[in-house]
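model07.tsv follows; it contains TSV, C-alpha atoms.
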chain	number	residue	atom	x	y	z
A	182	MET	CA	-3.13	-11.62	-18.56
A	183	LYS	CA	-0.65	-8.77	-18.40
A	184	PHE	CA	0.42	-7.39	-15.03
A	185	ALA	CA	2.39	-4.25	-14.20
A	186	VAL	CA	3.96	-4.88	-10.79
A	187	ILE	CA	5.06	-1.55	-9.34
A	188	GLY	CA	7.69	-2.15	-6.70
A	189	GLY	CA	8.28	-5.44	-8.48
A	190	THR	CA	11.92	-5.79	-7.42
A	191	GLY	CA	11.32	-5.83	-3.65
A	192	LEU	CA	10.76	-8.60	-1.09
A	193	ILE	CA	7.12	-9.25	-2.02
A	194	GLY	CA	7.10	-7.80	-5.54
A	195	SER	CA	9.86	-10.03	-6.89
A	196	GLN	CA	8.01	-13.12	-5.65
A	197	VAL	CA	4.68	-11.94	-7.08
A	198	VAL	CA	6.32	-11.40	-10.49
A	199	LYS	CA	7.84	-14.88	-10.32
A	200	ASN	CA	4.49	-16.45	-9.30
A	201	LEU	CA	2.54	-14.73	-12.08
A	202	ASN	CA	5.04	-15.58	-14.79
A	203	ALA	CA	5.22	-19.20	-13.59
A	204	ALA	CA	1.44	-19.38	-13.98
A	205	GLY	CA	1.72	-18.34	-17.64
A	206	HIS	CA	0.90	-14.66	-17.30
A	207	GLU	CA	3.06	-11.73	-18.36
A	208	ALA	CA	4.22	-9.86	-15.28
A	209	VAL	CA	6.66	-6.97	-15.65
A	210	PRO	CA	8.47	-5.53	-12.60
A	211	HIS	CA	8.76	-1.76	-12.37
A	212	ALA	CA	10.77	0.29	-9.87
A	213	LEU	CA	13.07	3.30	-9.63
A	214	SER	CA	15.85	1.00	-10.85
A	215	THR	CA	13.90	0.31	-14.07
A	216	GLY	CA	13.21	4.01	-14.70
A	217	VAL	CA	9.76	4.29	-13.15
A	218	ASP	CA	9.30	7.09	-10.57
A	219	ILE	CA	5.87	7.05	-8.94
A	220	ILE	CA	6.44	10.43	-7.27
A	221	SER	CA	7.51	12.44	-10.32
A	222	GLY	CA	5.44	10.23	-12.63
A	223	GLN	CA	8.38	9.50	-14.91
A	224	GLY	CA	7.83	6.30	-16.89
A	225	LEU	CA	4.45	5.55	-15.29
A	226	ASP	CA	2.23	5.81	-18.37
A	227	GLU	CA	4.56	3.48	-20.28
A	228	ALA	CA	4.74	1.03	-17.36
A	229	VAL	CA	1.00	0.49	-17.09
A	230	ALA	CA	0.08	0.80	-20.79
A	231	GLY	CA	-1.65	-2.35	-21.95
A	232	ALA	CA	-1.74	-3.93	-18.48
A	233	ASP	CA	-4.90	-5.71	-17.36
A	234	VAL	CA	-3.91	-5.40	-13.72
A	235	VAL	CA	-1.67	-3.03	-11.74
A	236	VAL	CA	-0.19	-4.41	-8.52
A	237	ASN	CA	1.29	-1.63	-6.37
A	238	LEU	CA	3.82	-2.95	-3.84
A	239	THR	CA	5.85	0.21	-3.42
A	240	ASN	CA	6.69	1.48	0.04
A	241	SER	CA	7.44	4.83	1.62
A	242	PRO	CA	11.17	5.43	2.10
A	243	THR	CA	10.44	6.59	5.65
A	244	PHE	CA	7.95	5.54	8.35
A	245	ASP	CA	7.57	9.04	9.81
A	246	GLU	CA	5.28	12.02	9.18
A	247	ALA	CA	6.51	12.21	5.58
A	248	SER	CA	4.89	8.87	4.69
A	249	PRO	CA	1.30	10.12	4.13
A	250	ALA	CA	2.52	12.53	1.44
A	251	PHE	CA	4.37	9.67	-0.27
A	252	PHE	CA	1.25	7.50	-0.50
A	253	LYS	CA	-1.01	10.41	-1.50
A	254	THR	CA	1.23	11.49	-4.39
A	255	SER	CA	2.12	7.98	-5.55
A	256	MET	CA	-1.49	6.74	-5.54
A	257	ASP	CA	-2.78	9.83	-7.34
A	258	ASN	CA	-0.13	9.37	-10.03
A	259	LEU	CA	-0.64	5.61	-10.34
A	260	LEU	CA	-4.43	5.83	-10.52
A	261	ALA	CA	-4.26	8.55	-13.17
A	262	ALA	CA	-1.86	6.47	-15.28
A	263	ALA	CA	-3.88	3.29	-14.77
A	264	ARG	CA	-7.11	5.00	-15.78
A	265	LYS	CA	-5.44	6.44	-18.88
A	266	GLY	CA	-4.10	2.99	-19.72
A	267	GLY	CA	-7.45	1.25	-19.39
A	268	VAL	CA	-6.42	-0.92	-16.43
A	269	GLY	CA	-9.28	-3.04	-15.09
A	270	HIS	CA	-8.01	-4.04	-11.64
A	271	PHE	CA	-5.73	-2.33	-9.11
A	272	VAL	CA	-4.24	-4.29	-6.19
A	273	ILE	CA	-2.36	-3.03	-3.12
A	274	LEU	CA	-0.84	-4.70	-0.07
A	275	SER	CA	-1.69	-3.24	3.33
A	276	ILE	CA	-1.57	-4.24	7.01
A	277	VAL	CA	-4.08	-6.06	9.23
A	278	GLY	CA	-5.41	-3.55	11.77
A	279	VAL	CA	-3.91	-0.59	9.92
A	280	ASP	CA	-6.91	1.63	10.68
A	281	GLN	CA	-6.77	0.80	14.40
A	282	VAL	CA	-3.38	2.38	15.20
A	283	PRO	CA	-3.74	6.10	14.44
A	284	GLU	CA	-0.81	6.86	16.77
A	285	LEU	CA	1.62	5.58	14.13
A	286	ASP	CA	2.33	7.93	11.18
A	287	TYR	CA	3.05	5.02	8.84
A	288	TYR	CA	-0.19	3.21	9.69
A	289	ARG	CA	-2.17	6.39	9.10
A	290	ALA	CA	-0.37	6.69	5.76
A	291	LYS	CA	-1.28	3.14	4.72
A	292	ALA	CA	-4.90	3.70	5.77
A	293	LEU	CA	-4.89	6.81	3.55
A	294	GLN	CA	-3.57	4.70	0.67
A	295	GLU	CA	-6.50	2.31	1.10
A	296	GLU	CA	-8.98	5.21	1.17
A	297	ILE	CA	-7.58	6.75	-2.02
A	298	LEU	CA	-7.81	3.42	-3.83
A	299	ALA	CA	-11.36	2.69	-2.64
A	300	ALA	CA	-12.52	6.16	-3.71
A	301	GLY	CA	-10.82	5.91	-7.10
A	302	PRO	CA	-12.20	5.00	-10.51
A	303	ILE	CA	-10.73	1.49	-10.89
A	304	PRO	CA	-12.07	-1.82	-9.50
A	305	TYR	CA	-9.68	-2.80	-6.72
A	306	SER	CA	-8.50	-5.37	-4.22
A	307	ILE	CA	-6.77	-4.68	-0.90
A	308	VAL	CA	-4.79	-7.52	0.68
A	309	ARG	CA	-4.02	-6.85	4.33
A	310	ALA	CA	-1.29	-9.00	5.88
A	311	THR	CA	-0.05	-9.38	9.43
A	312	GLN	CA	3.58	-8.66	10.38
A	313	PHE	CA	6.22	-10.34	8.20
A	314	MET	CA	8.44	-12.98	9.79
A	315	GLU	CA	11.31	-11.43	7.83
A	316	PHE	CA	11.01	-8.21	9.86
A	317	MET	CA	11.71	-9.79	13.25
A	318	ASP	CA	15.45	-9.06	13.18
A	319	ALA	CA	14.71	-5.38	12.57
A	320	VAL	CA	12.18	-5.31	15.42
A	321	LEU	CA	14.81	-6.78	17.77
A	322	SER	CA	17.38	-4.20	16.66
A	323	TRP	CA	15.13	-1.22	17.46
A	324	THR	CA	15.22	-1.74	21.22
A	325	ALA	CA	18.46	-3.69	21.70
A	326	ASP	CA	20.81	-2.32	24.35
A	327	GLY	CA	23.87	-4.32	25.29
A	328	ASP	CA	22.79	-7.72	26.61
A	329	THR	CA	19.06	-6.98	26.60
A	330	VAL	CA	16.28	-6.44	24.11
A	331	ARG	CA	13.16	-4.68	25.38
A	332	LEU	CA	9.85	-5.69	23.81
A	333	PRO	CA	6.18	-5.21	24.70
A	334	ALA	CA	3.81	-8.18	24.91
A	335	THR	CA	1.80	-6.93	21.91
A	336	PRO	CA	0.03	-9.86	20.19
A	337	ILE	CA	1.61	-10.58	16.79
A	338	GLN	CA	0.55	-13.15	14.15
A	339	PRO	CA	3.67	-13.47	11.96
A	340	ILE	CA	3.37	-14.47	8.30
A	341	ALA	CA	6.10	-15.54	5.87
A	342	ALA	CA	6.77	-13.22	2.92
A	343	LYS	CA	6.28	-16.11	0.48
A	344	ASP	CA	2.76	-16.61	1.87
A	345	VAL	CA	2.03	-12.89	1.52
A	346	ALA	CA	3.22	-13.02	-2.10
A	347	ALA	CA	0.96	-16.01	-2.74
A	348	ALA	CA	-2.04	-14.11	-1.35
A	349	VAL	CA	-1.27	-11.03	-3.46
A	350	THR	CA	-0.87	-13.22	-6.54
A	351	GLU	CA	-4.22	-14.91	-5.89
A	352	ALA	CA	-5.97	-11.57	-5.49
A	353	ALA	CA	-4.33	-10.16	-8.64
A	354	VAL	CA	-5.51	-12.97	-10.90
A	355	GLY	CA	-9.00	-13.00	-9.41
A	356	THR	CA	-12.06	-10.80	-9.79
A	357	PRO	CA	-11.62	-7.43	-8.05
A	358	LEU	CA	-12.69	-7.76	-4.41
A	359	ARG	CA	-13.88	-4.13	-4.20
A	360	GLY	CA	-12.89	-4.57	-0.58
A	361	ILE	CA	-10.34	-6.10	1.79
A	362	ARG	CA	-9.02	-9.64	2.30
A	363	ASN	CA	-7.02	-10.35	5.47
A	364	VAL	CA	-4.22	-12.91	5.46
A	365	ALA	CA	-2.27	-13.96	8.53
A	366	GLY	CA	0.16	-16.49	9.90
A	367	PRO	CA	-1.21	-19.58	11.65
A	368	GLU	CA	-0.15	-18.63	15.20
A	369	VAL	CA	-0.39	-15.67	17.57
A	370	PHE	CA	2.50	-14.82	19.91
A	371	PRO	CA	3.16	-12.02	22.38
A	372	LEU	CA	5.96	-10.00	20.75
A	373	ASP	CA	8.29	-10.50	23.73
A	374	GLU	CA	7.84	-14.29	23.49
A	375	LEU	CA	8.48	-14.14	19.75
A	376	GLY	CA	11.72	-12.31	20.52
A	377	ARG	CA	12.80	-15.03	22.96
A	378	ILE	CA	12.02	-17.79	20.44
A	379	THR	CA	14.03	-15.95	17.77
A	380	LEU	CA	17.09	-15.33	19.94
A	381	ALA	CA	17.08	-18.91	21.26
A	382	HIS	CA	16.97	-20.33	17.74
A	383	LYS	CA	19.91	-18.17	16.69
A	384	GLY	CA	21.92	-19.05	19.79
A	385	ASP	CA	21.88	-15.36	20.73
A	386	PRO	CA	22.57	-15.02	24.48
A	387	ARG	CA	20.77	-11.71	24.91
A	388	THR	CA	17.79	-11.51	27.26
A	389	VAL	CA	14.37	-10.22	26.27
A	390	VAL	CA	12.89	-7.93	28.90
A	391	THR	CA	9.15	-7.32	28.75
A	392	ASP	CA	8.65	-3.56	28.54
A	393	PRO	CA	5.18	-2.20	27.65
A	394	ASP	CA	6.73	1.11	26.54
A	395	ALA	CA	9.46	-0.23	24.23
A	396	GLY	CA	9.53	0.27	20.47
A	397	MET	CA	6.98	1.01	17.79
A	398	PHE	CA	4.50	-1.68	18.82
A	399	ALA	CA	4.15	-0.26	22.34
A	400	VAL	CA	1.37	2.06	21.14
A	401	VAL	CA	-0.74	-0.80	19.76
A	402	GLN	CA	-3.85	-1.43	21.85
A	403	GLY	CA	-5.03	-5.01	22.33
A	404	ASP	CA	-4.89	-7.57	19.55
A	405	VAL	CA	-5.74	-5.31	16.57
A	406	LEU	CA	-2.67	-6.51	14.60
A	407	THR	CA	-4.01	-10.08	14.61
A	408	ASP	CA	-6.99	-11.75	12.95
A	409	THR	CA	-7.66	-15.41	13.69
A	410	GLY	CA	-10.60	-15.25	11.29
A	411	ALA	CA	-8.35	-14.26	8.38
A	412	HIS	CA	-7.19	-16.60	5.63
A	413	LEU	CA	-4.45	-18.43	7.54
A	414	ALA	CA	-1.19	-19.09	5.72
A	415	PRO	CA	0.55	-22.45	6.23
A	416	THR	CA	4.06	-21.49	7.37
A	417	ARG	CA	4.67	-21.71	11.14
A	418	TYR	CA	7.29	-19.42	12.66
A	419	VAL	CA	9.57	-22.14	14.03
A	420	ASP	CA	9.51	-23.89	10.64
A	421	TRP	CA	10.40	-20.61	8.93
A	422	LEU	CA	13.28	-20.07	11.37
A	423	SER	CA	14.59	-23.52	10.50

What's the structure tokens form of this structure?
Amino acid sequence: MKFAVIGGTGLIGSQVVKNLNAAGHEAVPHALSTGVDIISGQGLDEAVAGADVVVNLTNSPTFDEASPAFFKTSMDNLLAAARKGGVGHFVILSIVGVDQVPELDYYRAKALQEEILAAGPIPYSIVRATQFMEFMDAVLSWTADGDTVRLPATPIQPIAAKDVAAAVTEAAVGTPLRGIRNVAGPEVFPLDELGRITLAHKGDPRTVVTDPDAGMFAVVQGDVLTDTGAHLAPTRYVDWLS
């Protein structure tokens, strides 16, 4: 099969391309760096021409109120090009619980992306993943101040990027789901505890202070970013840290 992987040079995209090619398929990565602009549409028709499947792993350059416009324009352009090119399956990566956190601009934007795909003309699959283990350093940096890091106790179910890429690959080679598949890490942690585990492993002497109002995840209600009934990936957080 032939795959056009849009955003194919990023953290997940590069691994999906590698997985697909290793399995004997033809997967071509496309990104701004390869001359494909999903906002202006430049290079899009050529990128998806002849592809059986389009995998869209692009991301908004910002997480603020500009992100919905990014996903609206990019999905409209990609779907139009994919329809013109006769693509039979369109796959995107989203976030577990994305429709349960309307307070966050970026989550509303990703929910809009899902809606546009589901309403579109092409059979589709949506893979929703929990929070990436690789993002923990960034989360710690958001609320770091001197010797302390402030984090809420929001339940998080971290998943390794390689496991996310494996789930996207599996969905891409399969029959269109015409729906959503959730994938998640094998364990749930309060975010503040996850911060303490991370700092301890790194030998970082800073202290994590539990603060229900700190950072982006403070607005999350309950355990909506977790799903113990999802397909559980194998990589445990402490093993990933090691």

Practice problem: Select, from A:Gly278, A:Gln196, A:Ala228, A:Gly396, the residue with the minimum atom-to-atom distance to Trp323 of chain A, counting all atoms listed in the file. | Solution: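 Checking each of A:Gly278, A:Gln196, A:Ala228, A:Gly396 against Trp323 of chain A, counting all atoms listed in the file, the winner is A:Gly396.
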
Quiz prompt | Given only C-alpha atoms as the counted atoms, nearest of A:Ile193, A:Leu380, A:Val186, A:Ala411 to Ala325 of chain A | solution =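 Using only C-alpha atoms, Ala325 of chain A sits closest to A:Leu380.
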
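Ranking A:Asp394, A:Glu296, A:Asp318, A:Asp280 by their shortest atom-to-atom distance to Pro333 of chain A, with only C-alpha atoms included, puts A:Asp394 first.
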
Can I get the residues of segment 390-418 of chain A within 9 Å of segment 354-367 of chain A, each with the closest pair of atoms and their distance in Å to one decimal, using all atoms listed in the file, sorted chain first then ascending number, as a tab-separated table?
residue	atom	partner	partner_atom	distance
A:Thr407	CA	A:Ala365	CA	7.4
A:Asp408	CA	A:Ala365	CA	6.8
A:Thr409	CA	A:Ala365	CA	7.6
A:Gly410	CA	A:Asn363	CA	8.4
A:Ala411	CA	A:Asn363	CA	5.1
A:His412	CA	A:Val364	CA	4.7
A:Leu413	CA	A:Ala365	CA	5.1
A:Ala414	CA	A:Gly366	CA	5.1
A:Pro415	CA	A:Pro367	CA	6.4
A:Thr416	CA	A:Gly366	CA	6.8
A:Arg417	CA	A:Pro367	CA	6.3
A:Tyr418	CA	A:Gly366	CA	8.2

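Within 6 Å of the point (-1.5, -5.0, 25.5), counting all atoms listed in the file, the protein and nucleic acid residues come to Thr335, Gln402 and Gly403 of chain A.
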
Could you write out that same residue set with C-alpha atoms as a JSON list (two decimals), in the coordinates of the input?
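See selection-v1.json below for the written result:
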[["chain", "number", "residue", "atom", "x", "y", "z"],
["A", 335, "THR", "CA", 1.80, -6.93, 21.91],
["A", 402, "GLN", "CA", -3.85, -1.43, 21.85],
["A", 403, "GLY", "CA", -5.03, -5.01, 22.33]]

Self-check item: Straight-line distance linking atom CA of Ala290 of chain A with atom CA of Asn240 of chain A, stated in Å to one decimal
Solution: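 So the two atoms, atom CA of Ala290 of chain A and atom CA of Asn240 of chain A, lie 10.5 Å apart.
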
Self-check item: Pairwise distance for atom CA of Phe244 of chain A and atom CA of Ser221 of chain A, rounded to one decimal in Å
Solution: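 Taking atom CA of Phe244 of chain A as the start and atom CA of Ser221 of chain A as the end point, the length is 19.9 Å.
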
Exercise. In Å, rounded to a single decimal, give me how far atom CA of Tyr288 of chain A is from atom CA of Ala262 of chain A.
Key: 25.2 Å

Practice problem: Step by step: start from the point (1.1, 10.6, 12.7) in the file's coordinates, keep every protein, DNA or RNA residue that has an atom no farther than 10 Å from it, count only C-alpha atoms, and write the set as a list in words. | Solution: Phe244, Asp245, Glu246, Ala247, Ser248, Pro249, Val282, Pro283, Glu284, Leu285, Asp286, Tyr287, Tyr288, Arg289 and Ala290 of chain A

Quiz item: Neighbours of segment 223-225 of chain A within 8 Å (all atoms listed in the file; same-chain residues fewer than 4 positions away dropped), as a ChimeraX atom specification?
Solution: /A:216-219,229,258-259,262

Keeping only C-alpha atoms, take the residues you just selected and write them out as a short mmCIF file (atom, residue, chain, number, x, y, z; two decimals), keeping the file's coordinate frame.
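Wrote it out as result-v8.cif, contents follow:
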data_model
loop_
_atom_site.label_atom_id
_atom_site.label_comp_id
_atom_site.auth_asym_id
_atom_site.auth_seq_id
_atom_site.Cartn_x
_atom_site.Cartn_y
_atom_site.Cartn_z
CA GLY A 216 13.21 4.01 -14.70
CA VAL A 217 9.76 4.29 -13.15
CA ASP A 218 9.30 7.09 -10.57
CA ILE A 219 5.87 7.05 -8.94
CA VAL A 229 1.00 0.49 -17.09
CA ASN A 258 -0.13 9.37 -10.03
CA LEU A 259 -0.64 5.61 -10.34
CA ALA A 262 -1.86 6.47 -15.28
#
